[in-house]
file model-v6.csv (CSV, C-alpha atoms)
chain,number,residue,atom,x,y,z
L,1,MET,CA,-7.1,32.9,-8.1
L,2,THR,CA,-6.3,35.7,-5.7
L,3,ASP,CA,-8.7,37.3,-3.3
L,4,MET,CA,-9.0,41.0,-4.0
L,5,THR,CA,-11.0,41.8,-0.9
L,6,GLU,CA,-9.1,43.9,1.7
L,7,PRO,CA,-10.5,45.3,4.9
L,8,SER,CA,-10.7,49.1,4.9
L,9,PRO,CA,-9.4,51.0,7.9
L,10,THR,CA,-12.9,50.9,9.3
L,11,GLY,CA,-13.1,47.1,9.0
L,12,THR,CA,-15.6,47.1,6.1
L,13,PRO,CA,-14.5,44.9,3.1
L,14,VAL,CA,-13.7,46.9,0.0
L,15,GLY,CA,-13.1,45.8,-3.5
L,16,GLU,CA,-10.4,46.8,-6.0
L,17,GLN,CA,-11.7,50.3,-6.5
L,18,GLY,CA,-12.2,51.0,-2.8
L,19,SER,CA,-16.0,50.7,-2.8
L,20,PRO,CA,-17.7,48.6,-0.2
L,21,GLN,CA,-18.5,45.1,-1.3
L,22,THR,CA,-22.1,43.9,-0.9
L,23,ARG,CA,-22.5,40.7,1.0
L,24,LYS,CA,-25.7,38.7,1.6
L,25,PRO,CA,-26.6,38.8,5.3
L,26,GLY,CA,-26.1,35.5,7.1
L,27,VAL,CA,-23.8,34.0,4.3
L,28,THR,CA,-20.3,33.3,5.5
L,29,ARG,CA,-17.4,32.2,3.4
L,30,ARG,CA,-16.2,28.8,4.6
L,31,GLY,CA,-12.7,27.4,4.2
L,32,GLY,CA,-10.3,28.3,1.5
L,33,GLY,CA,-8.7,26.6,-1.4
L,34,ASP,CA,-9.2,23.2,-2.8
L,35,PRO,CA,-11.2,20.9,-0.4
L,36,ALA,CA,-8.8,18.0,-1.2
L,37,THR,CA,-6.0,20.0,0.6
L,38,ARG,CA,-7.9,20.4,3.8
L,39,GLY,CA,-6.6,17.9,6.3
L,40,ARG,CA,-4.0,15.1,6.3
L,41,THR,CA,-4.1,11.5,5.0
L,42,THR,CA,-2.0,8.9,6.8
L,43,ILE,CA,-1.5,5.4,5.5
L,44,ALA,CA,-0.7,2.5,7.9
L,45,ASP,CA,2.2,0.2,7.3
L,46,GLY,CA,-0.3,-2.7,7.1
L,47,VAL,CA,-2.1,-1.1,4.2
L,48,VAL,CA,1.1,-0.9,2.1
L,49,GLU,CA,2.0,-4.4,3.2
L,50,LYS,CA,-1.3,-5.8,1.9
L,51,ILE,CA,-1.0,-4.0,-1.4
L,52,ALA,CA,2.6,-5.2,-1.9
L,53,GLY,CA,1.8,-8.7,-0.9
L,54,LEU,CA,-1.0,-9.0,-3.4
L,55,ALA,CA,1.1,-7.4,-6.2
L,56,ALA,CA,4.0,-9.8,-5.5
L,57,ARG,CA,1.8,-12.8,-5.6
L,58,ASP,CA,0.5,-11.8,-9.0
L,59,VAL,CA,4.0,-12.4,-10.6
L,60,LEU,CA,4.5,-15.7,-12.4
L,61,GLY,CA,7.2,-17.7,-10.6
L,62,VAL,CA,6.3,-16.6,-7.1
L,63,HIS,CA,5.1,-19.7,-5.3
L,64,ALA,CA,4.6,-18.2,-1.8
L,65,MET,CA,5.5,-15.4,0.5
L,66,GLY,CA,7.4,-15.6,3.8
L,67,SER,CA,9.8,-18.0,5.3
L,68,GLY,CA,8.9,-21.6,6.0
L,69,LEU,CA,8.1,-20.9,9.7
L,70,SER,CA,5.8,-18.0,8.9
L,71,ARG,CA,4.0,-20.1,6.2
L,72,THR,CA,3.5,-22.9,8.7
L,73,PHE,CA,2.1,-20.6,11.3
L,74,GLY,CA,0.0,-19.0,8.6
L,75,ALA,CA,-1.4,-22.3,7.6
L,76,VAL,CA,-2.5,-23.1,11.1
L,77,ARG,CA,-4.0,-19.6,11.5
L,78,ASP,CA,-5.9,-20.0,8.2
L,79,ARG,CA,-7.5,-23.2,9.5
L,80,VAL,CA,-8.9,-21.6,12.7
L,81,PRO,CA,-12.6,-20.7,12.3
L,82,GLY,CA,-12.9,-17.0,11.7
L,83,GLY,CA,-9.3,-16.7,10.7
L,84,THR,CA,-8.4,-14.9,7.5
L,85,LYS,CA,-5.6,-15.6,5.1
L,86,SER,CA,-2.8,-13.1,5.6
L,87,VAL,CA,-2.0,-11.4,2.3
L,88,SER,CA,0.8,-9.4,4.0
L,89,ARG,CA,2.8,-12.5,5.0
L,90,GLY,CA,6.4,-12.1,4.0
L,91,VAL,CA,6.1,-8.3,3.6
L,92,LYS,CA,7.5,-5.6,5.9
L,93,ALA,CA,6.9,-1.9,5.1
L,94,GLU,CA,8.2,1.3,6.6
L,95,VAL,CA,5.9,4.1,5.7
L,96,GLY,CA,6.8,7.8,6.1
L,97,GLU,CA,4.7,10.9,5.1
L,98,LEU,CA,5.8,10.8,1.4
L,99,GLN,CA,7.9,7.7,1.0
L,100,THR,CA,7.9,4.0,1.8
L,101,ALA,CA,10.4,1.2,1.8
L,102,LEU,CA,9.6,-2.5,1.5
L,103,ASP,CA,11.2,-5.8,2.4
L,104,LEU,CA,9.7,-9.0,0.8
L,105,GLU,CA,10.5,-12.6,1.4
L,106,ILE,CA,9.5,-14.9,-1.4
L,107,VAL,CA,9.6,-18.6,-2.4
L,108,VAL,CA,10.1,-19.1,-6.2
L,109,ASP,CA,9.1,-22.0,-8.4
L,110,TYR,CA,11.9,-24.3,-9.5
L,111,GLY,CA,13.2,-23.6,-13.0
L,112,VAL,CA,12.4,-19.9,-13.2
L,113,SER,CA,15.1,-17.2,-13.3
L,114,ILE,CA,15.3,-15.7,-9.8
L,115,GLY,CA,16.7,-12.5,-11.2
L,116,ASP,CA,13.8,-12.1,-13.6
L,117,VAL,CA,11.2,-13.0,-11.0
L,118,ALA,CA,12.7,-10.5,-8.5
L,119,ARG,CA,12.8,-7.8,-11.2
L,120,ALA,CA,9.1,-8.4,-12.1
L,121,VAL,CA,8.1,-8.5,-8.4
L,122,ARG,CA,9.9,-5.2,-7.8
L,123,GLU,CA,8.2,-3.5,-10.8
L,124,ASN,CA,4.8,-4.8,-10.0
L,125,VAL,CA,5.0,-3.9,-6.3
L,126,ILE,CA,6.3,-0.4,-7.0
L,127,ALA,CA,3.6,0.3,-9.6
L,128,ALA,CA,0.8,-1.0,-7.4
L,129,VAL,CA,1.9,0.8,-4.2
L,130,GLU,CA,2.6,4.1,-5.9
L,131,ARG,CA,-0.6,4.1,-7.9
L,132,MET,CA,-2.8,3.2,-4.9
L,133,THR,CA,-1.2,5.3,-2.2
L,134,GLY,CA,0.6,8.1,-3.9
L,135,LEU,CA,3.7,7.3,-1.8
L,136,GLU,CA,7.1,7.2,-3.5
L,137,VAL,CA,8.6,3.7,-3.2
L,138,VAL,CA,12.3,4.3,-2.5
L,139,GLU,CA,13.4,0.6,-2.3
L,140,VAL,CA,12.0,-2.9,-2.5
L,141,ASN,CA,14.4,-5.5,-1.0
L,142,ILE,CA,13.7,-9.1,-2.0
L,143,ALA,CA,15.0,-12.1,-0.1
L,144,VAL,CA,14.4,-15.5,-1.8
L,145,SER,CA,14.1,-17.9,1.1
L,146,ASP,CA,13.3,-21.1,-0.7
L,147,VAL,CA,12.6,-22.8,-4.1
L,148,LYS,CA,9.5,-24.9,-4.6
L,149,LEU,CA,10.5,-28.2,-6.2
L,150,PRO,CA,8.0,-29.9,-8.5
L,151,ASP,CA,7.8,-33.1,-6.5
L,152,GLU,CA,7.7,-31.3,-3.0
L,153,GLU,CA,4.5,-31.7,-1.1
L,154,GLU,CA,2.7,-28.6,0.0
L,155,GLU,CA,3.5,-27.4,3.6
L,156,GLU,CA,-0.2,-26.6,4.1
L,157,PRO,CA,-2.0,-29.9,4.6
L,158,GLU,CA,-5.4,-30.3,3.0
L,159,THR,CA,-8.3,-29.9,5.3
L,160,ARG,CA,-10.4,-32.9,6.2
L,161,LEU,CA,-13.6,-30.9,6.1
L,162,GLN,CA,-15.3,-29.9,2.9
call {"tool": "encode", "arguments": {"input": "model-v6.csv", "output": "structure tokens"}}
result
Amino acid sequence: MTDMTEPSPTGTPVGEQGSPQTRKPGVTRRGGGDPATRGRTTIADGVVEKIAGLAARDVLGVHAMGSGLSRTFGAVRDRVPGGTKSVSRGVKAEVGELQTALDLEIVVDYGVSIGDVARAVRENVIAAVERMTGLEVVEVNIAVSDVKLPDEEEEEPETRLQ
């Protein structure tokens, strides 16, 4: 829609035919265009990391996220009163204005096809991040740091308190 109001040489607004437009006194026109385009939205790296971490964990065959050391520290942090479970463990994001790139470190269950799991993680992460943020995901790099064997004990010990 175009604005057909032009100021006359005297400064009075005129319409298409050159006649002065009538305005209600005290009413001012505010802003212009679609309200959704007024301002800027920025998305923090941590937001994208959380979305990607949750999306990766949803894939069948992903046992855990992060390296052994980060999972051990995470288990300790989870046990501290008031501590929260880190959903972004094993995820690193670089976020620009329009695009993002992700690095994930995962542990897969023994017996699954690592290629199939990596493909499914990549697809799920890209779909979730692009849908929720509107950013274009340019790459998702996946590092498989371990395989969870069926008879291995969990690294995170059970708590004694119930």
call {"tool": "closest_residue", "arguments": {"input": "model-v6.csv", "among": "L:Ala118, L:Met65, L:Ala52, L:Val47", "to": "Glu105 (chain L)", "atoms": "all atoms listed in the file"}}
result
L:Met65
call {"tool": "residues_near_point", "arguments": {"input": "model-v6.csv", "point": "(4.3, -18.2, -12.5)", "cutoff": "9 Å", "atoms": "all atoms listed in the file", "output": "count of residues only"}}
result
10
call {"tool": "closest_residue", "arguments": {"input": "model-v6.csv", "among": "L:Ala127, L:Leu54, L:Leu104, L:Ile43", "to": "Gly66 (chain L)", "atoms": "all atoms listed in the file"}}
result
L:Leu104
call {"tool": "atom_distance", "arguments": {"input": "model-v6.csv", "atom1": "CA of Glu123 (chain L)", "atom2": "CA of Glu139 (chain L)"}}
result
10.8 Å
call {"tool": "closest_residue", "arguments": {"input": "model-v6.csv", "among": "L:Thr100, L:Thr37, L:Ser113, L:Ser67", "to": "Glu49 (chain L)", "atoms": "all atoms listed in the file"}}
result
L:Thr100
call {"tool": "closest_residue", "arguments": {"input": "model-v6.csv", "among": "L:Ile51, L:Val144, L:Asp103, L:Glu97", "to": "Glu130 (chain L)", "atoms": "only C-alpha atoms"}}
result
L:Ile51
call {"tool": "atom_distance", "arguments": {"input": "model-v6.csv", "atom1": "CA of Glu136 (chain L)", "atom2": "CA of Lys50 (chain L)"}}
result
16.4 Å
call {"tool": "atom_distance", "arguments": {"input": "model-v6.csv", "atom1": "CA of Pro35 (chain L)", "atom2": "CA of Gly134 (chain L)"}}
result
17.8 Å
call {"tool": "residues_near_point", "arguments": {"input": "model-v6.csv", "point": "(10.0, 11.1, 4.5)", "cutoff": "12 Å", "atoms": "all atoms listed in the file", "output": "ChimeraX atom specification"}}
result
/L:94-101,135-138
